[in-house]
$ cat model-v4.txt   # compact mmCIF, C-alpha atoms
# COMPACT_ATOMS: atom_id res chain seq x y z
CA MET A 25 -45.31 -44.83 50.29
CA ASP A 26 -42.39 -46.28 52.16
CA LEU A 27 -43.77 -49.59 53.34
CA ALA A 28 -40.31 -50.95 54.03
CA ASN A 29 -40.60 -49.47 57.45
CA PRO A 30 -42.59 -51.97 59.52
CA THR A 31 -44.16 -49.25 61.64
CA ARG A 32 -45.60 -47.59 58.52
CA PHE A 33 -46.57 -51.01 57.19
CA MET A 34 -48.48 -51.74 60.41
CA SER A 35 -50.49 -48.53 60.28
CA PHE A 36 -51.12 -48.77 56.52
CA SER A 37 -52.20 -52.43 56.62
CA GLY A 38 -54.32 -51.71 59.69
CA ARG A 39 -56.29 -49.14 57.73
CA LEU A 40 -56.46 -51.29 54.58
CA LEU A 41 -57.63 -54.54 56.21
CA PRO A 42 -61.28 -53.64 56.99
CA TRP A 43 -61.81 -52.56 53.37
CA LEU A 44 -60.17 -55.68 51.99
CA GLY A 45 -62.20 -57.83 54.37
CA GLY A 46 -65.42 -56.16 53.26
CA ALA A 47 -64.55 -56.56 49.59
CA CYS A 48 -63.71 -60.21 50.22
CA ALA A 49 -67.07 -60.87 51.91
CA LEU A 50 -68.91 -59.18 49.01
CA ALA A 51 -66.95 -61.14 46.41
CA PHE A 52 -67.71 -64.41 48.21
CA ALA A 53 -71.41 -63.53 48.46
CA ALA A 54 -71.52 -62.78 44.73
CA GLY A 55 -69.35 -65.77 43.81
CA LEU A 56 -71.35 -68.29 45.86
CA TYR A 57 -74.64 -66.90 44.55
CA LEU A 58 -73.41 -67.21 40.96
CA THR A 59 -72.07 -70.69 41.67
CA PHE A 60 -75.22 -72.16 43.14
CA PHE A 61 -78.04 -70.21 41.51
CA VAL A 62 -76.77 -68.90 38.18
CA ALA A 63 -74.11 -71.22 36.76
CA PRO A 64 -75.69 -74.03 34.72
CA ASP A 65 -74.76 -77.69 35.03
CA ASP A 66 -72.15 -78.96 32.61
CA TYR A 67 -73.35 -80.98 29.61
CA GLN A 68 -71.11 -83.91 30.54
CA GLN A 69 -70.51 -83.66 34.26
CA GLY A 70 -73.85 -82.39 35.50
CA ALA A 71 -73.77 -80.81 38.93
CA THR A 72 -70.32 -82.17 39.84
CA VAL A 73 -68.90 -79.25 37.86
CA LYS A 74 -69.71 -77.11 40.92
CA ILE A 75 -66.59 -78.54 42.59
CA MET A 76 -64.61 -76.58 40.00
CA PHE A 77 -65.61 -73.28 41.63
CA LEU A 78 -63.62 -74.29 44.72
CA HIS A 79 -60.99 -76.50 43.14
CA VAL A 80 -59.69 -74.18 40.43
CA PRO A 81 -59.40 -70.97 42.53
CA ALA A 82 -57.71 -72.96 45.32
CA ALA A 83 -55.19 -74.39 42.87
CA TRP A 84 -54.52 -70.97 41.32
CA LEU A 85 -53.99 -69.42 44.74
CA ALA A 86 -51.71 -72.29 45.76
CA MET A 87 -49.45 -71.36 42.86
CA MET A 88 -49.82 -67.59 43.24
CA CYS A 89 -48.89 -67.87 46.91
CA TYR A 90 -45.71 -69.75 46.02
CA SER A 91 -44.88 -67.13 43.37
CA ILE A 92 -45.21 -64.42 46.01
CA MET A 93 -42.92 -66.43 48.29
CA ALA A 94 -40.37 -66.78 45.48
CA ILE A 95 -40.40 -63.01 44.87
CA SER A 96 -40.08 -62.46 48.63
CA ALA A 97 -37.15 -64.88 48.67
CA LEU A 98 -35.40 -62.70 46.07
CA GLY A 99 -36.14 -59.71 48.30
CA THR A 100 -34.54 -61.51 51.23
CA LEU A 101 -31.44 -62.71 49.37
CA VAL A 102 -30.73 -59.77 47.05
CA TRP A 103 -32.03 -56.68 48.84
CA LYS A 104 -32.12 -58.11 52.37
CA HIS A 105 -35.45 -56.37 52.72
CA PRO A 106 -36.73 -56.89 56.26
CA LEU A 107 -40.37 -57.31 55.23
CA ALA A 108 -39.55 -59.84 52.50
CA ASP A 109 -38.92 -62.68 54.92
CA VAL A 110 -41.95 -61.66 56.97
CA SER A 111 -44.04 -61.87 53.80
CA ALA A 112 -42.66 -65.27 52.79
CA ARG A 113 -42.98 -66.79 56.23
CA ALA A 114 -46.53 -65.50 56.65
CA ALA A 115 -47.55 -66.83 53.21
CA ALA A 116 -46.33 -70.41 53.66
CA PRO A 117 -49.13 -71.84 55.86
CA ILE A 118 -51.76 -70.08 53.72
CA GLY A 119 -50.27 -71.58 50.58
CA ALA A 120 -50.18 -74.99 52.20
CA ALA A 121 -53.87 -74.65 53.10
CA PHE A 122 -54.86 -73.67 49.55
CA THR A 123 -52.80 -76.55 48.11
CA PHE A 124 -54.44 -78.97 50.52
CA LEU A 125 -57.87 -77.64 49.57
CA SER A 126 -57.15 -78.08 45.86
CA LEU A 127 -55.86 -81.64 46.45
CA VAL A 128 -58.90 -82.63 48.51
CA THR A 129 -61.49 -81.04 46.19
CA GLY A 130 -59.69 -82.51 43.19
CA SER A 131 -59.78 -85.93 44.77
CA LEU A 132 -63.49 -85.65 45.54
CA TRP A 133 -64.08 -84.52 41.96
CA GLY A 134 -61.92 -87.26 40.52
CA LYS A 135 -63.88 -90.11 42.09
CA PRO A 136 -67.21 -89.47 40.31
CA MET A 137 -65.70 -88.21 37.04
CA TRP A 138 -62.54 -90.22 36.45
CA GLY A 139 -63.42 -93.16 38.66
CA THR A 140 -60.53 -92.72 41.09
CA TYR A 141 -59.56 -90.48 44.00
CA TRP A 142 -55.91 -90.36 43.07
CA VAL A 143 -53.53 -91.28 40.27
CA TRP A 144 -49.83 -90.61 40.00
CA ASP A 145 -50.01 -88.53 36.86
CA ALA A 146 -47.72 -85.55 36.29
CA ARG A 147 -50.22 -82.85 37.32
CA LEU A 148 -51.39 -84.47 40.55
CA THR A 149 -47.89 -85.53 41.55
CA SER A 150 -46.35 -82.09 40.92
CA VAL A 151 -49.07 -80.43 43.03
CA LEU A 152 -48.40 -82.93 45.82
CA VAL A 153 -44.71 -81.95 45.57
CA LEU A 154 -45.79 -78.30 45.97
CA PHE A 155 -47.70 -79.24 49.13
CA VAL A 156 -44.64 -81.05 50.53
CA MET A 157 -42.48 -78.00 49.65
CA TYR A 158 -44.78 -75.78 51.71
CA LEU A 159 -44.59 -78.15 54.68
CA GLY A 160 -40.81 -78.41 54.35
CA LEU A 161 -40.44 -74.62 54.29
CA ILE A 162 -42.65 -74.19 57.35
CA ALA A 163 -40.55 -76.80 59.16
CA LEU A 164 -37.29 -75.14 58.07
CA TRP A 165 -38.37 -71.75 59.44
CA ARG A 166 -39.18 -73.38 62.74
CA THR A 167 -35.97 -75.36 63.10
CA MET A 168 -33.75 -72.27 63.32
CA GLU A 169 -33.84 -69.95 66.28
CA ASP A 170 -32.28 -66.93 64.53
CA PRO A 171 -34.85 -65.42 62.13
CA ILE A 172 -32.16 -64.04 59.77
CA ARG A 173 -30.44 -67.40 59.29
CA ALA A 174 -33.79 -69.19 59.03
CA GLY A 175 -34.98 -66.60 56.51
CA LYS A 176 -31.90 -67.03 54.30
CA ALA A 177 -32.07 -70.83 54.30
CA ALA A 178 -35.81 -70.77 53.60
CA ALA A 179 -35.30 -68.22 50.79
CA VAL A 180 -32.79 -70.50 49.06
CA LEU A 181 -35.11 -73.51 49.39
CA THR A 182 -38.07 -71.42 48.18
CA LEU A 183 -36.18 -70.44 45.02
CA VAL A 184 -35.11 -74.04 44.40
CA GLY A 185 -38.74 -75.15 44.76
CA ALA A 186 -39.90 -72.48 42.33
CA VAL A 187 -38.71 -74.73 39.50
CA ASN A 188 -41.84 -76.76 40.25
CA LEU A 189 -44.22 -73.92 39.26
CA PRO A 190 -43.74 -74.17 35.46
CA ILE A 191 -43.78 -77.97 35.82
CA ILE A 192 -47.22 -77.81 37.47
CA LYS A 193 -48.55 -75.36 34.90
CA PHE A 194 -47.28 -77.20 31.82
CA SER A 195 -47.42 -80.79 33.11
CA VAL A 196 -50.70 -81.31 31.27
CA ASP A 197 -49.13 -80.14 27.99
CA TRP A 198 -45.69 -81.77 28.24
CA TRP A 199 -46.88 -85.25 29.17
CA ASN A 200 -50.12 -87.11 28.76
CA THR A 201 -51.99 -87.06 32.05
CA LEU A 202 -55.36 -88.09 33.39
CA HIS A 203 -55.95 -84.45 34.32
CA GLN A 204 -57.31 -82.49 31.37
CA PRO A 205 -55.36 -79.57 29.83
CA ALA A 206 -55.84 -75.95 30.86
CA SER A 207 -59.30 -74.49 30.30
CA VAL A 208 -58.87 -70.82 31.21
CA MET A 209 -55.26 -69.72 30.91
CA ARG A 210 -54.46 -70.89 27.40
CA LEU A 211 -53.27 -69.11 24.30
CA ASP A 212 -56.41 -69.64 22.21
CA GLY A 213 -58.76 -68.36 24.90
CA PRO A 214 -60.88 -70.12 27.52
CA THR A 215 -62.75 -73.30 26.62
CA ILE A 216 -65.36 -72.69 29.32
CA HIS A 217 -68.71 -71.26 28.32
CA PRO A 218 -69.17 -67.68 29.66
CA THR A 219 -72.09 -68.77 31.86
CA ILE A 220 -69.67 -71.03 33.79
CA LEU A 221 -66.54 -68.91 33.30
CA TRP A 222 -67.84 -65.72 34.97
CA PRO A 223 -68.89 -67.40 38.23
CA LEU A 224 -65.47 -69.10 38.25
CA LEU A 225 -63.63 -65.79 37.81
CA THR A 226 -65.76 -64.19 40.55
CA MET A 227 -64.82 -67.01 42.90
CA ALA A 228 -61.18 -66.59 41.88
CA LEU A 229 -61.40 -62.89 42.80
CA ALA A 230 -62.96 -63.79 46.15
CA PHE A 231 -60.19 -66.32 46.84
CA THR A 232 -57.53 -63.75 45.90
CA LEU A 233 -59.04 -61.20 48.31
CA LEU A 234 -59.23 -63.88 51.00
CA PHE A 235 -55.56 -64.62 50.43
CA LEU A 236 -54.64 -60.92 50.68
CA VAL A 237 -56.60 -60.51 53.92
CA MET A 238 -55.05 -63.59 55.51
CA HIS A 239 -51.57 -62.72 54.25
CA LEU A 240 -51.70 -59.17 55.62
CA MET A 241 -53.03 -60.42 58.96
CA ALA A 242 -50.34 -63.09 59.17
CA MET A 243 -47.64 -60.54 58.27
CA ARG A 244 -48.86 -58.24 61.04
CA ASN A 245 -48.75 -61.11 63.51
CA GLU A 246 -45.26 -62.05 62.37
CA ILE A 247 -44.05 -58.44 62.83
CA LEU A 248 -45.53 -58.31 66.34
CA ARG A 249 -43.95 -61.68 67.12
CA ARG A 250 -40.53 -60.40 66.02
CA ARG A 251 -40.93 -57.14 67.92
CA LEU A 252 -41.68 -59.17 71.01
CA ARG A 253 -38.63 -61.33 70.40
CA THR A 254 -36.42 -58.24 69.98
CA LEU A 255 -37.79 -56.77 73.19
CA GLN A 256 -37.20 -60.01 75.07
CA LEU A 257 -33.68 -60.33 73.70
CA GLY A 258 -33.06 -56.66 74.50
CA ALA A 259 -34.23 -57.11 78.07
CA ALA A 260 -32.02 -60.16 78.47
CA GLY A 261 -29.13 -58.50 76.62
CA THR A 262 -28.80 -55.33 78.71
CA ARG A 263 -27.33 -57.28 81.58
CA VAL A 264 -24.89 -59.08 79.29
CA ALA A 265 -23.99 -55.97 77.29
CA ALA A 266 -22.78 -54.15 80.38
CA ALA A 267 -20.09 -56.77 80.85
CA ARG A 268 -19.06 -57.00 77.17
CA PRO A 269 -18.06 -54.29 74.61
CA GLN A 270 -20.67 -53.77 71.88
CA ALA A 271 -19.69 -55.29 68.54
CA ALA A 272 -22.12 -53.42 66.34
CA GLU A 273 -20.90 -50.64 64.10
CA MET B 13 -21.82 -56.82 57.42
CA THR B 14 -23.37 -56.28 60.77
CA ARG B 15 -26.10 -58.68 61.74
CA LEU B 16 -28.93 -56.39 62.67
CA PRO B 17 -31.83 -58.22 64.20
CA PRO B 18 -34.70 -57.93 61.75
CA LEU B 19 -37.17 -55.26 62.68
CA ALA B 20 -35.16 -54.17 65.65
CA PHE B 21 -36.57 -50.70 65.62
CA GLY B 22 -33.97 -49.14 67.81
CA THR B 23 -31.28 -49.86 65.24
CA TRP B 24 -33.39 -49.58 62.11
CA PRO B 25 -31.12 -48.67 59.20
CA ALA B 26 -32.26 -45.22 58.18
CA SER B 27 -30.94 -45.72 54.68
CA TRP B 28 -33.59 -48.21 53.57
CA ALA B 29 -35.51 -45.51 51.78
CA LYS B 30 -32.50 -43.46 50.77
CA ALA B 31 -29.83 -43.98 48.17
CA PRO B 32 -28.50 -47.49 48.72
CA GLU B 33 -25.02 -46.47 47.54
CA ARG B 34 -24.73 -44.13 50.45
CA HIS B 35 -25.45 -46.93 52.83
CA GLY B 36 -22.82 -49.00 51.07
CA LEU B 37 -20.20 -46.26 51.35
CA VAL B 38 -20.94 -45.68 54.97
CA SER B 39 -20.73 -49.26 56.07
CA HIS B 40 -17.96 -50.43 53.71
CA GLY B 41 -15.03 -48.14 53.10
CA ASN B 42 -13.36 -50.51 50.64
CA GLY B 43 -14.64 -48.76 47.51
CA ARG B 44 -17.14 -51.47 46.59
CA SER B 45 -20.54 -49.91 46.31
CA LYS B 46 -23.69 -51.60 47.64
CA MET B 47 -25.16 -51.80 44.15
CA THR B 48 -22.38 -54.02 42.92
CA ARG B 49 -22.90 -56.45 45.72
CA LYS B 50 -26.62 -56.58 45.03
CA GLN B 51 -25.98 -57.10 41.35
CA ARG B 52 -23.48 -59.80 42.21
CA ARG B 53 -26.01 -61.59 44.41
CA MET B 54 -28.61 -61.29 41.70
CA THR B 55 -26.23 -62.68 39.07
CA MET B 56 -25.34 -65.58 41.34
CA ILE B 57 -29.00 -66.42 41.93
CA ALA B 58 -29.76 -66.14 38.20
CA ALA B 59 -26.81 -68.40 37.34
CA ALA B 60 -27.74 -70.96 40.00
CA GLY B 61 -31.35 -70.84 38.84
CA GLY B 62 -30.27 -71.38 35.23
CA VAL B 63 -28.15 -74.40 36.15
CA LEU B 64 -30.97 -75.80 38.27
CA ALA B 65 -33.51 -75.31 35.50
CA VAL B 66 -31.26 -77.06 32.96
CA ALA B 67 -30.60 -79.94 35.39
CA VAL B 68 -34.27 -80.43 36.17
CA GLY B 69 -35.10 -80.13 32.47
CA LEU B 70 -32.61 -82.87 31.59
CA ILE B 71 -33.96 -85.13 34.35
CA LEU B 72 -37.53 -84.64 33.16
CA VAL B 73 -36.59 -85.38 29.55
CA ALA B 74 -34.69 -88.49 30.65
CA LEU B 75 -37.62 -89.70 32.75
CA ASN B 76 -40.17 -88.92 30.05
CA ASP B 77 -41.21 -92.57 29.68
CA GLN B 78 -41.94 -92.82 33.40
CA ILE B 79 -43.77 -89.51 33.66
CA VAL B 80 -46.28 -90.09 30.87
CA PHE B 81 -49.40 -91.49 32.48
CA PHE B 82 -50.49 -93.74 29.65
CA GLN B 83 -49.40 -95.08 26.28
CA SER B 84 -51.39 -94.67 23.12
CA PRO B 85 -52.37 -97.57 20.86
CA SER B 86 -49.68 -96.46 18.37
CA ASP B 87 -47.10 -96.80 21.13
CA ILE B 88 -47.91 -100.44 21.86
CA VAL B 89 -49.09 -101.82 18.52
CA GLY B 90 -46.20 -103.67 16.91
CA LYS B 91 -44.09 -103.36 20.03
CA GLN B 92 -43.26 -106.64 21.76
CA LEU B 93 -44.25 -106.08 25.36
CA PRO B 94 -42.82 -108.46 27.97
CA ASP B 95 -45.44 -111.03 28.96
CA GLY B 96 -47.55 -109.92 31.89
CA GLN B 97 -46.22 -106.35 31.99
CA ARG B 98 -48.84 -103.98 33.34
CA ILE B 99 -49.31 -100.83 31.29
CA ARG B 100 -51.83 -98.06 30.98
CA LEU B 101 -53.44 -97.68 27.60
CA GLY B 102 -55.15 -94.40 26.81
CA GLY B 103 -57.20 -93.08 23.92
CA LEU B 104 -60.75 -92.68 22.70
CA VAL B 105 -63.39 -95.39 22.92
CA GLU B 106 -63.90 -96.22 19.25
CA GLU B 107 -67.36 -95.39 17.93
CA GLY B 108 -69.54 -98.48 17.57
CA SER B 109 -67.05 -100.77 19.29
CA VAL B 110 -68.69 -101.20 22.71
CA GLU B 111 -70.21 -104.64 23.29
CA ARG B 112 -71.64 -105.60 26.64
CA GLY B 113 -71.46 -109.30 27.50
CA ALA B 114 -72.61 -111.35 30.46
CA ASN B 115 -71.49 -110.61 34.03
CA ALA B 116 -70.62 -106.94 33.49
CA GLU B 117 -68.09 -107.86 30.82
CA VAL B 118 -67.43 -105.05 28.38
CA ARG B 119 -65.48 -105.25 25.16
CA PHE B 120 -64.45 -102.12 23.33
CA ALA B 121 -61.62 -100.71 21.27
CA VAL B 122 -59.33 -97.88 22.29
CA THR B 123 -58.10 -95.79 19.40
CA ASP B 124 -55.88 -92.79 18.79
CA THR B 125 -57.40 -92.52 15.28
CA VAL B 126 -54.28 -94.20 13.81
CA GLU B 127 -54.12 -97.53 15.57
CA SER B 128 -56.65 -99.28 17.73
CA VAL B 129 -56.41 -101.90 20.46
CA LYS B 130 -59.19 -104.26 21.55
CA VAL B 131 -59.89 -104.17 25.27
CA VAL B 132 -61.85 -106.53 27.49
CA TYR B 133 -62.88 -105.43 30.95
CA VAL B 134 -65.06 -106.87 33.69
CA GLY B 135 -66.45 -104.43 36.22
CA LEU B 136 -68.16 -101.12 36.74
CA LEU B 137 -67.42 -98.32 34.32
CA PRO B 138 -67.19 -94.64 35.29
CA ASP B 139 -70.22 -92.47 34.49
CA LEU B 140 -68.42 -90.61 31.73
CA PHE B 141 -67.58 -93.81 29.84
CA ARG B 142 -69.18 -93.82 26.39
CA GLU B 143 -68.22 -94.07 22.74
CA GLY B 144 -65.99 -91.23 21.64
CA GLN B 145 -64.95 -90.50 25.22
CA GLY B 146 -61.35 -90.41 26.36
CA VAL B 147 -60.39 -93.30 28.68
CA VAL B 148 -57.31 -94.67 30.37
CA THR B 149 -57.33 -98.43 30.93
CA GLU B 150 -54.88 -100.33 33.10
CA GLY B 151 -54.03 -103.95 32.50
CA VAL B 152 -52.03 -106.53 30.59
CA MET B 153 -51.66 -107.29 26.88
CA LYS B 154 -52.32 -111.00 26.51
CA GLY B 155 -51.22 -113.32 23.73
CA ASP B 156 -54.80 -113.57 22.41
CA GLY B 157 -54.49 -110.01 21.04
CA TRP B 158 -56.84 -108.53 23.65
CA PHE B 159 -55.82 -106.00 26.26
CA HIS B 160 -57.18 -107.36 29.54
CA ALA B 161 -57.98 -104.30 31.64
CA ASP B 162 -58.75 -104.46 35.35
CA ASN B 163 -59.27 -100.73 35.74
CA VAL B 164 -60.92 -98.15 33.47
CA LEU B 165 -60.69 -94.42 34.16
CA ALA B 166 -62.60 -91.78 32.25
CA LYS B 167 -60.70 -88.78 31.00
CA HIS B 168 -62.72 -85.66 30.48
CA ASP B 169 -61.68 -82.81 28.23
CA GLU B 170 -61.14 -79.13 28.94
CA ASN B 171 -64.50 -77.99 27.55
CA TYR B 172 -67.23 -76.88 29.90
CA MET B 173 -70.62 -75.68 28.72
CA PRO B 174 -74.32 -75.95 29.54
CA LYS B 175 -76.26 -78.82 28.02
CA GLU B 176 -78.31 -76.53 25.75
CA VAL B 177 -75.19 -74.98 24.27
CA ALA B 178 -73.67 -78.40 23.63
CA GLU B 179 -76.83 -79.53 21.84
CA ALA B 180 -77.10 -76.32 19.82
CA LEU B 181 -73.47 -76.66 18.72
CA LYS B 182 -73.99 -80.29 17.79
CA GLY B 183 -77.14 -79.37 15.88
CA LYS B 184 -75.28 -76.81 13.81
CA GLY B 185 -72.49 -79.28 13.22
CA VAL B 186 -69.94 -76.74 14.46
CA TRP B 187 -68.71 -78.97 17.22
CA GLN B 188 -68.04 -82.63 16.81
CA GLY B 189 -68.41 -83.80 20.39
CA GLU B 190 -65.85 -84.45 23.03
CA GLU B 191 -62.12 -84.50 22.34

$ encode --input "model-v4.txt" --output "structure tokens"
Amino acid sequence: MDLANPTRFMSFSGRLLPWLGGACALAFAAGLYLTFFVAPDDYQQGATVKIMFLHVPAAWLAMMCYSIMAISALGTLVWKHPLADVSARAAAPIGAAFTFLSLVTGSLWGKPMWGTYWVWDARLTSVLVLFVMYLGLIALWRTMEDPIRAGKAAAVLTLVGAVNLPIIKFSVDWWNTLHQPASVMRLDGPTIHPTILWPLLTMALAFTLLFLVMHLMAMRNEILRRRLRTLQLGAAGTRVAAARPQAAE
Amino acid sequence: MTRLPPLAFGTWPASWAKAPERHGLVSHGNGRSKMTRKQRRMTMIAAAGGVLAVAVGLILVALNDQIVFFQSPSDIVGKQLPDGQRIRLGGLVEEGSVERGANAEVRFAVTDTVESVKVVYVGLLPDLFREGQGVVTEGVMKGDGWFHADNVLAKHDENYMPKEVAEALKGKGVWQGEE
């Protein structure tokens, strides 16, 4: 299907959204049930381990969202795909929200377990940098009036910031940190017991669906916003164009 | 290249879905095809990304001493630390080393199984603090050979399991406890 055409994208996403929304609600219902009524307490951490079911999916989505923005940035710079910038711009506030959620839940988890809300170790600091990157990108998009110029500048900055993604992922392996090493995505398999792992993966699925729903909705809004802008510019331009020869090919 | 407003539907380039070369030939009669320009942009981005990755890599390697959160006993034993320099010392609480004194004073040893450093701390300990547990202590190495900590953080490992499973594993001797 040719989704490059925004009109087709609008009708396709319009039909897809109710199904995605329903799937998301179901996944959250299942995930929250598993979290609170099925998953056992951890042998060391007791019930505080429940924070993990929010913290870990939020952190994963924070990184996945930035990966999607980096791919979109390539689409903007290399293929000049019109939906690529729409996708990146729509994703940024969602990514910032997920990063914020993972920072806050991590902090609330850190106090009872580690004994501190915050330390400047490599993992926590690199995630804070990711949060600042999101805010910087949102600001950059808003500083420039012309969406094409703004999109190009933001795409370059997005790609520069992508260097942070492997740093976040491997910070716990490259340096010693207060944050423990990876539990799920590691070469020798997860170190989480299945009774805790499955609820976590269900919550991760629910978070992913939530991201997709919000991203599609934000993309649709961004397309409508740009259509409106084009219409307004067109209305203003017809008077000017009559007096000036058209430069377009 | 013409600056088309994005998503200006009146002037939507019809060639998005069609052969990109055709679009290139139509808009640029200079013999350079669209594919080459795309490949050139991609090569430029890849090259810039490579340079950036190498630069960041070098910076991180150079700053390694600042980025590590704590030093292990092996790092500080035998090294002459400047008097009064605050450091973080991390490792496992040595089995059988914890002694509780008066006024919430705790003495224990932090070990990395090679070297071990004696630590004295006054204050509340995190819930996870116990023998064999990973900790990070913050403080000063004094001339009396004790590390005077004013902050103790617990470090938990990457294993999560229900209590019953942990006990069963311990019972079978398969699993030796944390870390």

$ atom_distance --input "model-v4.txt" --atom1 "CA of Arg119 in chain B" --atom2 "CA of Val132 in chain B"
4.5 Å

$ atom_distance --input "model-v4.txt" --atom1 "CA of Phe159 in chain B" --atom2 "CA of Leu104 in chain B"
14.6 Å

$ closest_residue --input "model-v4.txt" --among "B:Gly183, B:Glu176, B:Asp162, B:Val152" --to "Pro94 in chain B" --atoms "all atoms listed in the file"
B:Val152

$ atom_distance --input "model-v4.txt" --atom1 "CA of Leu70 in chain B" --atom2 "CA of Ile191 in chain A"
12.9 Å

$ interface_residues --input "model-v4.txt" --of "chain B" --to "chain A" --cutoff "7 Å" --atoms "only C-alpha atoms" --output "ChimeraX atom specification"
/B:14,18-20,29,50,53-54,65,79-82,138-140,165-175,178
